[in-house]
$ cat start-v5.txt   # compact mmCIF, C-alpha atoms and all ligand atoms
# COMPACT_ATOMS: atom_id res chain seq x y z
CA MET B 1 -32.49 -16.50 -55.50
CA THR B 2 -31.11 -13.21 -54.27
CA GLN B 3 -27.41 -12.59 -53.90
CA ALA B 4 -27.81 -12.43 -50.11
CA GLY B 5 -29.68 -15.75 -50.09
CA ASP B 6 -26.93 -17.31 -52.21
CA PHE B 7 -24.35 -16.12 -49.81
CA ARG B 8 -26.24 -17.43 -46.78
CA GLN B 9 -26.62 -20.84 -48.36
CA SER B 10 -22.96 -21.23 -49.18
CA PHE B 11 -22.05 -19.93 -45.73
CA GLU B 12 -24.33 -22.47 -44.07
CA ARG B 13 -22.83 -25.22 -46.24
CA LEU B 14 -19.36 -24.19 -45.16
CA VAL B 15 -20.38 -24.32 -41.50
CA ARG B 16 -21.87 -27.81 -41.97
CA GLU B 17 -18.78 -29.05 -43.76
CA ARG B 18 -16.52 -27.71 -41.07
CA ALA B 19 -18.60 -29.33 -38.32
CA LYS B 20 -18.42 -32.63 -40.18
CA TYR B 21 -14.67 -32.27 -40.66
CA LEU B 22 -14.13 -31.52 -36.96
CA ALA B 23 -16.24 -34.53 -35.93
CA GLU B 24 -14.02 -36.91 -37.92
CA ILE B 25 -11.50 -39.10 -36.12
CA ALA B 26 -8.11 -37.40 -36.07
CA GLY B 27 -6.18 -40.22 -34.47
CA ILE B 28 -6.25 -43.12 -32.07
CA CYS B 29 -4.14 -42.93 -28.91
CA PRO B 30 -2.99 -46.37 -27.73
CA GLU B 31 -3.77 -45.21 -24.18
CA HIS B 32 -6.87 -43.01 -24.51
CA GLY B 33 -8.54 -44.24 -27.70
CA ALA B 34 -9.96 -42.25 -30.58
CA TYR B 35 -10.22 -38.46 -30.66
CA THR B 36 -11.75 -36.10 -33.16
CA ARG B 37 -10.17 -33.31 -35.18
CA GLY B 38 -12.14 -30.86 -33.07
CA GLN B 39 -10.61 -32.20 -29.88
CA ALA B 40 -7.16 -32.01 -31.40
CA LEU B 41 -7.47 -28.45 -32.67
CA ASP B 42 -5.13 -26.95 -30.05
CA THR B 43 -2.85 -29.94 -29.72
CA GLY B 44 -1.32 -29.98 -33.19
CA GLY B 45 -3.22 -33.17 -33.95
CA ARG B 46 -2.04 -35.05 -30.84
CA CYS B 47 -4.19 -36.92 -28.32
CA PRO B 48 -5.80 -34.20 -26.12
CA THR B 49 -5.48 -36.26 -22.93
CA CYS B 50 -1.78 -36.97 -23.51
CA TRP B 51 -1.27 -33.34 -24.48
CA GLU B 52 -2.96 -32.07 -21.30
CA ARG B 53 -0.86 -34.44 -19.18
CA GLU B 54 2.33 -33.28 -20.91
CA LYS B 55 1.32 -29.64 -20.36
CA LYS B 56 0.82 -30.28 -16.63
CA ARG B 57 4.16 -32.06 -16.41
CA ARG B 58 5.96 -29.16 -18.12
CA GLU B 59 4.21 -26.64 -15.88
CA ARG B 60 5.26 -28.61 -12.78
CA GLU B 61 8.84 -28.72 -14.04
CA GLN B 62 8.84 -24.98 -14.67
CA ARG B 63 7.41 -24.29 -11.23
CA LEU B 64 9.98 -26.53 -9.58
CA ALA B 65 12.79 -24.84 -11.50
CA LEU B 66 11.53 -21.41 -10.45
CA PHE B 67 11.28 -22.62 -6.86
CA ALA B 68 14.83 -24.01 -6.93
CA GLU B 69 16.33 -20.92 -8.54
CA ARG B 70 14.42 -18.03 -7.03
CA SER B 71 12.99 -19.02 -3.65
CA GLY B 72 16.25 -18.99 -1.71
CA VAL B 73 15.18 -22.24 -0.02
CA PRO B 74 18.42 -24.05 0.88
CA LEU B 75 19.19 -27.13 -1.23
CA ARG B 76 18.92 -29.36 1.86
CA PHE B 77 15.26 -28.41 2.25
CA GLN B 78 14.17 -28.13 -1.39
CA ALA B 79 12.94 -31.70 -1.84
CA HIS B 80 11.12 -32.01 1.51
CA THR B 81 7.33 -32.14 1.41
CA LEU B 82 4.90 -31.72 4.30
CA ALA B 83 4.31 -35.48 4.17
CA ASP B 84 7.97 -36.08 5.09
CA PHE B 85 7.40 -34.65 8.56
CA VAL B 86 6.72 -37.50 10.99
CA PRO B 87 5.08 -36.01 14.09
CA PRO B 88 6.98 -37.20 17.17
CA THR B 89 4.17 -36.20 19.59
CA PRO B 90 0.41 -35.54 19.38
CA ALA B 91 1.16 -31.81 19.71
CA ALA B 92 3.48 -32.05 16.72
CA GLY B 93 0.65 -33.77 14.82
CA LYS B 94 -1.64 -30.83 15.51
CA THR B 95 1.05 -28.38 14.46
CA LEU B 96 1.55 -30.32 11.21
CA ALA B 97 -2.21 -30.33 10.55
CA ALA B 98 -2.38 -26.56 11.05
CA ILE B 99 0.54 -26.00 8.69
CA GLN B 100 -0.94 -28.39 6.13
CA ALA B 101 -4.25 -26.53 6.22
CA TYR B 102 -2.40 -23.24 5.81
CA ALA B 103 -0.53 -24.52 2.75
CA GLU B 104 -3.61 -26.07 1.15
CA ASP B 105 -5.82 -23.04 1.71
CA PHE B 106 -3.04 -20.61 0.91
CA PRO B 107 -5.13 -18.58 -1.54
CA VAL B 108 -7.45 -17.71 1.37
CA HIS B 109 -4.78 -17.21 4.06
CA GLY B 110 -2.46 -15.44 1.67
CA LYS B 111 -5.14 -12.98 0.63
CA ALA B 112 -5.85 -12.24 4.29
CA GLY B 113 -2.13 -11.67 4.88
CA ARG B 114 -2.28 -14.29 7.64
CA CYS B 115 1.12 -14.89 9.26
CA ILE B 116 2.65 -17.74 11.26
CA VAL B 117 5.26 -17.52 14.01
CA MET B 118 7.15 -20.77 14.56
CA ALA B 119 8.87 -20.70 17.92
CA GLY B 120 10.84 -23.40 19.61
CA ARG B 121 13.65 -25.74 20.17
CA THR B 122 16.41 -26.58 17.76
CA GLY B 123 16.03 -29.53 15.40
CA THR B 124 12.24 -29.75 15.72
CA GLY B 125 11.51 -29.26 12.01
CA LYS B 126 10.65 -25.55 11.82
CA THR B 127 12.83 -24.80 8.82
CA MET B 128 11.85 -28.07 7.14
CA LEU B 129 8.12 -27.36 7.45
CA ALA B 130 8.34 -23.72 6.40
CA CYS B 131 10.33 -24.70 3.30
CA ALA B 132 7.83 -27.48 2.54
CA VAL B 133 5.06 -24.85 2.69
CA CYS B 134 6.99 -22.77 0.14
CA ARG B 135 7.39 -25.82 -2.10
CA HIS B 136 3.71 -26.67 -1.86
CA ILE B 137 2.63 -23.14 -2.67
CA ALA B 138 5.12 -22.85 -5.52
CA LEU B 139 3.87 -26.10 -7.05
CA SER B 140 0.14 -25.92 -6.38
CA HIS B 141 -0.43 -22.23 -6.90
CA GLY B 142 2.55 -21.24 -9.04
CA ALA B 143 3.24 -18.45 -6.56
CA LEU B 144 6.71 -17.13 -5.79
CA CYS B 145 7.82 -17.74 -2.23
CA ARG B 146 11.01 -16.53 -0.69
CA TYR B 147 13.09 -17.90 2.17
CA ALA B 148 15.86 -15.98 3.94
CA THR B 149 17.42 -15.79 7.37
CA ALA B 150 17.00 -12.52 9.23
CA TYR B 151 20.77 -12.13 8.98
CA HIS B 152 20.62 -12.53 5.20
CA ILE B 153 17.90 -9.90 4.83
CA VAL B 154 19.77 -7.37 6.95
CA ARG B 155 23.05 -8.03 5.14
CA ASP B 156 21.34 -7.81 1.73
CA ILE B 157 20.04 -4.34 2.58
CA LYS B 158 23.26 -3.16 4.21
CA ASP B 159 25.22 -4.29 1.14
CA THR B 160 23.59 -1.47 -0.80
CA TYR B 161 25.07 1.17 1.49
CA GLY B 162 28.35 1.13 -0.47
CA GLY B 163 26.43 2.46 -3.47
CA ASN B 164 25.73 -0.84 -5.22
CA GLY B 165 22.02 -1.24 -5.76
CA SER B 166 19.17 0.54 -4.06
CA GLU B 167 17.79 -0.27 -0.63
CA ARG B 168 14.28 0.18 -1.94
CA GLU B 169 14.83 -2.47 -4.64
CA ILE B 170 16.13 -4.97 -2.10
CA VAL B 171 13.24 -4.34 0.28
CA ARG B 172 10.81 -4.69 -2.60
CA GLY B 173 12.35 -8.09 -3.40
CA TYR B 174 11.32 -9.19 0.09
CA VAL B 175 7.94 -7.49 0.10
CA GLU B 176 6.68 -8.75 -3.27
CA PRO B 177 6.72 -12.57 -2.96
CA ALA B 178 3.43 -14.29 -2.16
CA LEU B 179 5.02 -15.74 0.98
CA LEU B 180 8.21 -14.78 2.83
CA VAL B 181 9.89 -17.03 5.41
CA VAL B 182 12.21 -15.19 7.79
CA ASP B 183 14.29 -17.83 9.58
CA GLU B 184 16.69 -17.57 12.53
CA VAL B 185 15.12 -14.50 14.06
CA GLY B 186 16.85 -13.51 17.30
CA VAL B 187 20.10 -15.32 16.60
CA GLN B 188 21.97 -12.06 16.28
CA TYR B 189 22.50 -9.43 18.86
CA GLY B 190 19.76 -7.32 17.33
CA THR B 191 21.08 -3.81 16.90
CA ASP B 192 18.62 -0.99 16.36
CA THR B 193 19.58 -0.88 12.69
CA GLU B 194 18.86 -4.59 12.27
CA LYS B 195 15.51 -4.27 13.97
CA LEU B 196 14.66 -1.24 11.88
CA LEU B 197 15.50 -3.06 8.64
CA LEU B 198 13.45 -6.11 9.64
CA PHE B 199 10.60 -3.75 10.51
CA GLU B 200 10.89 -2.20 7.04
CA VAL B 201 10.42 -5.62 5.41
CA LEU B 202 7.76 -7.00 7.77
CA ASN B 203 5.79 -3.77 7.81
CA GLY B 204 6.06 -3.49 4.03
CA ARG B 205 4.50 -6.92 3.77
CA TYR B 206 1.85 -6.07 6.35
CA GLU B 207 0.84 -2.96 4.46
CA ASN B 208 0.55 -4.96 1.25
CA MET B 209 -1.46 -7.76 2.95
CA LYS B 210 1.32 -10.26 2.26
CA PRO B 211 1.80 -13.16 4.70
CA THR B 212 5.10 -13.96 6.44
CA ILE B 213 6.34 -16.97 8.38
CA VAL B 214 8.75 -15.95 11.14
CA ILE B 215 10.94 -18.65 12.73
CA SER B 216 12.91 -18.39 15.95
CA ASN B 217 14.50 -20.42 18.72
CA LEU B 218 13.25 -17.83 21.18
CA GLU B 219 10.08 -18.25 23.24
CA PRO B 220 7.11 -16.36 21.77
CA ALA B 221 7.56 -13.64 24.41
CA GLY B 222 11.24 -13.41 23.51
CA ILE B 223 10.36 -12.95 19.83
CA GLY B 224 8.06 -10.12 20.87
CA ASP B 225 10.88 -8.52 22.85
CA TYR B 226 13.30 -8.96 19.98
CA LEU B 227 11.15 -7.72 17.10
CA GLY B 228 9.15 -5.26 19.16
CA ASP B 229 5.46 -5.14 19.95
CA ARG B 230 4.63 -3.23 16.81
CA VAL B 231 5.96 -6.03 14.61
CA MET B 232 4.43 -8.78 16.74
CA ASP B 233 1.08 -7.02 16.61
CA ARG B 234 1.21 -6.98 12.83
CA LEU B 235 2.16 -10.66 12.67
CA MET B 236 -0.79 -11.61 14.87
CA ASP B 237 -3.27 -9.43 13.04
CA ASN B 238 -6.15 -11.04 11.10
CA GLY B 239 -5.80 -14.53 12.59
CA GLY B 240 -2.03 -14.93 12.72
CA ALA B 241 -0.88 -17.94 14.73
CA VAL B 242 1.99 -18.81 17.05
CA LEU B 243 3.06 -22.45 16.77
CA VAL B 244 5.33 -23.71 19.54
CA PHE B 245 7.72 -26.54 18.67
CA ASP B 246 8.58 -28.06 22.06
CA TRP B 247 9.44 -31.67 21.31
CA GLN B 248 12.81 -33.39 21.09
CA SER B 249 15.32 -32.54 18.37
CA HIS B 250 15.16 -34.75 15.30
CA ARG B 251 18.84 -34.17 14.50
CA GLY B 252 21.25 -37.01 15.17
CA ARG B 253 18.43 -39.57 15.14
CA LYS B 254 18.92 -42.76 13.22
N1 LIG J 301 9.38 -34.67 12.57
C1 LIG J 301 10.32 -34.82 11.63
N2 LIG J 301 10.20 -35.79 10.71
C2 LIG J 301 11.17 -35.94 9.76
N3 LIG J 301 12.27 -35.19 9.70
C3 LIG J 301 12.45 -34.21 10.59
C4 LIG J 301 11.47 -33.96 11.59
N4 LIG J 301 11.88 -32.91 12.34
C5 LIG J 301 13.04 -32.53 11.83
N5 LIG J 301 13.41 -33.29 10.78
C6 LIG J 301 14.69 -33.20 10.03
O1 LIG J 301 15.66 -32.91 11.02
C7 LIG J 301 16.55 -31.89 10.57
C8 LIG J 301 16.40 -30.66 11.46
O2 LIG J 301 15.17 -30.01 11.20
P1 LIG J 301 15.07 -28.43 10.97
O3 LIG J 301 16.35 -27.93 10.41
O4 LIG J 301 13.84 -28.15 10.23
O5 LIG J 301 14.93 -27.96 12.49
P2 LIG J 301 14.73 -26.49 13.07
O6 LIG J 301 13.58 -26.54 13.98
O7 LIG J 301 14.72 -25.52 11.97
O8 LIG J 301 16.07 -26.34 13.94
P3 LIG J 301 16.89 -24.97 14.29
O9 LIG J 301 16.05 -24.22 15.25
O10 LIG J 301 18.15 -25.48 14.89
O11 LIG J 301 17.11 -24.25 13.01
C9 LIG J 301 16.19 -31.63 9.13
O12 LIG J 301 17.01 -32.42 8.31
C10 LIG J 301 14.75 -32.08 9.04
O13 LIG J 301 14.45 -32.51 7.73
MG MG J 302 16.01 -24.02 11.37
ZN ZN J 303 -3.39 -40.30 -25.11
$ encode --input "start-v5.txt" --output "structure tokens"
Amino acid sequence: MTQAGDFRQSFERLVRERAKYLAEIAGICPEHGAYTRGQALDTGGRCPTCWEREKKRREREQRLALFAERSGVPLRFQAHTLADFVPPTPAAGKTLAAIQAYAEDFPVHGKAGRCIVMAGRTGTGKTMLACAVCRHIALSHGALCRYATAYHIVRDIKDTYGGNGSEREIVRGYVEPALLVVDEVGVQYGTDTEKLLLFEVLNGRYENMKPTIVISNLEPAGIGDYLGDRVMDRLMDNGGAVLVFDWQSHRGRK
């Protein structure tokens, strides 16, 4: 036998032995039964089904922690899910369905930079639903979402004018997240500077094909007046939707 033939034989024997070794039972999980060494290669010898479940649980915990720490979603709204919204009218049911579809198909809508404007009365669940969308996206897609009031955004940028931090950095922090919720639009007087700064953020997102949810107590036309046609145009581009919340306030209900 040649040296090369010798080598091939011992190599083939090694491969066979390894296959046999990997096919042997590595352990028996009380819940999922027996598993082989091969199945437990990446799990440190533990049951692969238990290991996978534990991995998912840890991932969910990490995503929730990131959501709690970095999204800016107020504590009051962090635990709410879309399922917690009980539609008080058929119109509210349709609005919920549209928002649910948006959250579930976020990879598609997000890629298209598709925006939502939530307009309407106080206490109708706008903030709750927008935050629940952020939670859903953070958990299901592991994407970073950010929530802020218009006031907060403007103040955050203006705070850099004293020389601490750069305006560009702050704007980037609002442009980068997979989804931005801008709440309470139109609450303030709306100086030219404020409008300009909001334009900076919303246009930055538009240019980068990043979706935004804008929330306001104003009528849709009022939001257009407040933000300006150029911003409204961008929000409505590529299938953006205006959702009007015109049912009774949920606050103060027992
Ligand atoms: N349909 C609903 N089902 C369950 N809870 C609701 C519903 N609508 C509102 N809520 C609850 O009522 C409270 C008010 O809702 P939320 O703050 O989302 O209203 P809003 O539309 O943002 O009001 P505002 O315009 O004053 O900011 C929240 O605690 C929210 O969780
Ligand atoms: Mg609100
Ligand atoms: Zn198991």
$ closest_residue --input "start-v5.txt" --among "B:Gln78, B:Val117, B:Tyr151, B:Cys29" --to "Lys195 of chain B" --atoms "only C-alpha atoms"
B:Tyr151
$ closest_atom_pairs --input "start-v5.txt" --of "chain B" --to "ligand MG 302 (chain J)" --cutoff "9 Å" --atoms "all atoms listed in the file" --output "tab-separated table"
residue	atom	partner	partner_atom	distance
B:Thr122	CA	J:MG302	MG	6.9
B:Gly123	CA	J:MG302	MG	6.8
B:Thr124	CA	J:MG302	MG	8.1
B:Gly125	CA	J:MG302	MG	6.9
B:Lys126	CA	J:MG302	MG	5.6
B:Thr127	CA	J:MG302	MG	4.2
B:Met128	CA	J:MG302	MG	7.2
B:Asp183	CA	J:MG302	MG	6.7
B:Glu184	CA	J:MG302	MG	6.6
B:Ile215	CA	J:MG302	MG	7.5
B:Ser216	CA	J:MG302	MG	7.9
B:Asn217	CA	J:MG302	MG	8.3
$ closest_residue --input "start-v5.txt" --among "B:Asn203, B:Ile170, B:Ala91, B:Arg155" --to "Asp233 of chain B" --atoms "all atoms listed in the file"
B:Asn203
$ residues_around --input "start-v5.txt" --residues "Gly142 of chain B" --least-positions-apart "6" --cutoff "10 Å" --atoms "only C-alpha atoms" --output "list in words"
Glu59, Arg60, Gln62, Arg63, Leu64, Leu66, Phe67, Arg135, His136 and Ala178 of chain B
$ residues_near_ligand --input "start-v5.txt" --ligand "ligand LIG 301 (chain J)" --cutoff "10 Å" --atoms "only C-alpha atoms and all ligand atoms" --output "VMD selection string"
chain B and resid 76 to 77 79 to 89 92 to 93 96 118 to 132 183 to 185 187 215 to 218 245 to 253
$ write_last_selection --input "start-v5.txt" --atoms "C-alpha atoms" --output "PDB file, in the coordinates of the input"
ATOM      1  CA  ARG B  76      18.920 -29.360   1.860  1.00  0.00           C
ATOM      2  CA  PHE B  77      15.260 -28.410   2.250  1.00  0.00           C
ATOM      3  CA  ALA B  79      12.940 -31.700  -1.840  1.00  0.00           C
ATOM      4  CA  HIS B  80      11.120 -32.010   1.510  1.00  0.00           C
ATOM      5  CA  THR B  81       7.330 -32.140   1.410  1.00  0.00           C
ATOM      6  CA  LEU B  82       4.900 -31.720   4.300  1.00  0.00           C
ATOM      7  CA  ALA B  83       4.310 -35.480   4.170  1.00  0.00           C
ATOM      8  CA  ASP B  84       7.970 -36.080   5.090  1.00  0.00           C
ATOM      9  CA  PHE B  85       7.400 -34.650   8.560  1.00  0.00           C
ATOM     10  CA  VAL B  86       6.720 -37.500  10.990  1.00  0.00           C
ATOM     11  CA  PRO B  87       5.080 -36.010  14.090  1.00  0.00           C
ATOM     12  CA  PRO B  88       6.980 -37.200  17.170  1.00  0.00           C
ATOM     13  CA  THR B  89       4.170 -36.200  19.590  1.00  0.00           C
ATOM     14  CA  ALA B  92       3.480 -32.050  16.720  1.00  0.00           C
ATOM     15  CA  GLY B  93       0.650 -33.770  14.820  1.00  0.00           C
ATOM     16  CA  LEU B  96       1.550 -30.320  11.210  1.00  0.00           C
ATOM     17  CA  MET B 118       7.150 -20.770  14.560  1.00  0.00           C
ATOM     18  CA  ALA B 119       8.870 -20.700  17.920  1.00  0.00           C
ATOM     19  CA  GLY B 120      10.840 -23.400  19.610  1.00  0.00           C
ATOM     20  CA  ARG B 121      13.650 -25.740  20.170  1.00  0.00           C
ATOM     21  CA  THR B 122      16.410 -26.580  17.760  1.00  0.00           C
ATOM     22  CA  GLY B 123      16.030 -29.530  15.400  1.00  0.00           C
ATOM     23  CA  THR B 124      12.240 -29.750  15.720  1.00  0.00           C
ATOM     24  CA  GLY B 125      11.510 -29.260  12.010  1.00  0.00           C
ATOM     25  CA  LYS B 126      10.650 -25.550  11.820  1.00  0.00           C
ATOM     26  CA  THR B 127      12.830 -24.800   8.820  1.00  0.00           C
ATOM     27  CA  MET B 128      11.850 -28.070   7.140  1.00  0.00           C
ATOM     28  CA  LEU B 129       8.120 -27.360   7.450  1.00  0.00           C
ATOM     29  CA  ALA B 130       8.340 -23.720   6.400  1.00  0.00           C
ATOM     30  CA  CYS B 131      10.330 -24.700   3.300  1.00  0.00           C
ATOM     31  CA  ALA B 132       7.830 -27.480   2.540  1.00  0.00           C
ATOM     32  CA  ASP B 183      14.290 -17.830   9.580  1.00  0.00           C
ATOM     33  CA  GLU B 184      16.690 -17.570  12.530  1.00  0.00           C
ATOM     34  CA  VAL B 185      15.120 -14.500  14.060  1.00  0.00           C
ATOM     35  CA  VAL B 187      20.100 -15.320  16.600  1.00  0.00           C
ATOM     36  CA  ILE B 215      10.940 -18.650  12.730  1.00  0.00           C
ATOM     37  CA  SER B 216      12.910 -18.390  15.950  1.00  0.00           C
ATOM     38  CA  ASN B 217      14.500 -20.420  18.720  1.00  0.00           C
ATOM     39  CA  LEU B 218      13.250 -17.830  21.180  1.00  0.00           C
ATOM     40  CA  PHE B 245       7.720 -26.540  18.670  1.00  0.00           C
ATOM     41  CA  ASP B 246       8.580 -28.060  22.060  1.00  0.00           C
ATOM     42  CA  TRP B 247       9.440 -31.670  21.310  1.00  0.00           C
ATOM     43  CA  GLN B 248      12.810 -33.390  21.090  1.00  0.00           C
ATOM     44  CA  SER B 249      15.320 -32.540  18.370  1.00  0.00           C
ATOM     45  CA  HIS B 250      15.160 -34.750  15.300  1.00  0.00           C
ATOM     46  CA  ARG B 251      18.840 -34.170  14.500  1.00  0.00           C
ATOM     47  CA  GLY B 252      21.250 -37.010  15.170  1.00  0.00           C
ATOM     48  CA  ARG B 253      18.430 -39.570  15.140  1.00  0.00           C
TER      49      ARG B 253
END
$ build_atoms --input "start-v5.txt" --residues "segment 168-186 of chain B" --atoms "N, CA, C and O atoms" --output "mmCIF file, in the coordinates of the input"
data_model
loop_
_atom_site.group_PDB
_atom_site.id
_atom_site.type_symbol
_atom_site.label_atom_id
_atom_site.label_comp_id
_atom_site.auth_asym_id
_atom_site.auth_seq_id
_atom_site.Cartn_x
_atom_site.Cartn_y
_atom_site.Cartn_z
ATOM 1 N N ARG B 168 15.693 0.355 -1.654
ATOM 2 C CA ARG B 168 14.280 0.180 -1.940
ATOM 3 C C ARG B 168 14.032 -1.068 -2.799
ATOM 4 O O ARG B 168 13.085 -1.801 -2.596
ATOM 5 N N GLU B 169 14.943 -1.281 -3.768
ATOM 6 C CA GLU B 169 14.830 -2.470 -4.640
ATOM 7 C C GLU B 169 14.940 -3.753 -3.818
ATOM 8 O O GLU B 169 14.173 -4.693 -4.009
ATOM 9 N N ILE B 170 15.904 -3.763 -2.914
ATOM 10 C CA ILE B 170 16.130 -4.970 -2.100
ATOM 11 C C ILE B 170 14.909 -5.224 -1.222
ATOM 12 O O ILE B 170 14.411 -6.341 -1.142
ATOM 13 N N VAL B 171 14.423 -4.178 -0.583
ATOM 14 C CA VAL B 171 13.240 -4.340 0.280
ATOM 15 C C VAL B 171 12.070 -4.823 -0.554
ATOM 16 O O VAL B 171 11.332 -5.725 -0.148
ATOM 17 N N ARG B 172 11.924 -4.274 -1.754
ATOM 18 C CA ARG B 172 10.810 -4.690 -2.600
ATOM 19 C C ARG B 172 10.905 -6.185 -2.922
ATOM 20 O O ARG B 172 9.903 -6.889 -2.958
ATOM 21 N N GLY B 173 12.138 -6.665 -3.123
ATOM 22 C CA GLY B 173 12.350 -8.090 -3.400
ATOM 23 C C GLY B 173 11.871 -8.978 -2.266
ATOM 24 O O GLY B 173 11.563 -10.146 -2.478
ATOM 25 N N TYR B 174 11.819 -8.419 -1.053
ATOM 26 C CA TYR B 174 11.320 -9.190 0.090
ATOM 27 C C TYR B 174 9.835 -8.938 0.356
ATOM 28 O O TYR B 174 9.184 -9.732 1.012
ATOM 29 N N VAL B 175 9.347 -7.827 -0.158
ATOM 30 C CA VAL B 175 7.940 -7.490 0.100
ATOM 31 C C VAL B 175 7.024 -8.120 -0.955
ATOM 32 O O VAL B 175 5.896 -8.490 -0.656
ATOM 33 N N GLU B 176 7.542 -8.298 -2.165
ATOM 34 C CA GLU B 176 6.680 -8.750 -3.270
ATOM 35 C C GLU B 176 6.248 -10.218 -3.241
ATOM 36 O O GLU B 176 5.111 -10.515 -3.608
ATOM 37 N N PRO B 177 7.128 -11.159 -2.843
ATOM 38 C CA PRO B 177 6.720 -12.570 -2.960
ATOM 39 C C PRO B 177 5.412 -12.888 -2.226
ATOM 40 O O PRO B 177 5.074 -12.237 -1.227
ATOM 41 N N ALA B 178 4.715 -13.902 -2.742
ATOM 42 C CA ALA B 178 3.430 -14.290 -2.160
ATOM 43 C C ALA B 178 3.583 -14.737 -0.712
ATOM 44 O O ALA B 178 2.684 -14.548 0.106
ATOM 45 N N LEU B 179 4.736 -15.330 -0.407
ATOM 46 C CA LEU B 179 5.020 -15.740 0.980
ATOM 47 C C LEU B 179 6.501 -15.495 1.248
ATOM 48 O O LEU B 179 7.342 -15.764 0.388
ATOM 49 N N LEU B 180 6.798 -14.943 2.422
ATOM 50 C CA LEU B 180 8.210 -14.780 2.830
ATOM 51 C C LEU B 180 8.419 -15.570 4.121
ATOM 52 O O LEU B 180 7.609 -15.483 5.053
ATOM 53 N N VAL B 181 9.497 -16.351 4.167
ATOM 54 C CA VAL B 181 9.890 -17.030 5.410
ATOM 55 C C VAL B 181 11.128 -16.308 5.933
ATOM 56 O O VAL B 181 12.129 -16.197 5.216
ATOM 57 N N VAL B 182 11.045 -15.799 7.158
ATOM 58 C CA VAL B 182 12.210 -15.190 7.790
ATOM 59 C C VAL B 182 12.670 -16.142 8.897
ATOM 60 O O VAL B 182 11.999 -16.297 9.916
ATOM 61 N N ASP B 183 13.797 -16.803 8.650
ATOM 62 C CA ASP B 183 14.290 -17.830 9.580
ATOM 63 C C ASP B 183 15.334 -17.217 10.515
ATOM 64 O O ASP B 183 15.886 -16.150 10.236
ATOM 65 N N GLU B 184 15.596 -17.914 11.611
ATOM 66 C CA GLU B 184 16.690 -17.570 12.530
ATOM 67 C C GLU B 184 16.539 -16.167 13.112
ATOM 68 O O GLU B 184 17.519 -15.429 13.227
ATOM 69 N N VAL B 185 15.334 -15.815 13.459
ATOM 70 C CA VAL B 185 15.120 -14.500 14.060
ATOM 71 C C VAL B 185 15.576 -14.542 15.522
ATOM 72 O O VAL B 185 15.214 -15.472 16.265
ATOM 73 N N GLY B 186 16.396 -13.576 15.907
ATOM 74 C CA GLY B 186 16.850 -13.510 17.300
ATOM 75 C C GLY B 186 18.180 -14.177 17.534
ATOM 76 O O GLY B 186 18.673 -14.215 18.663
#
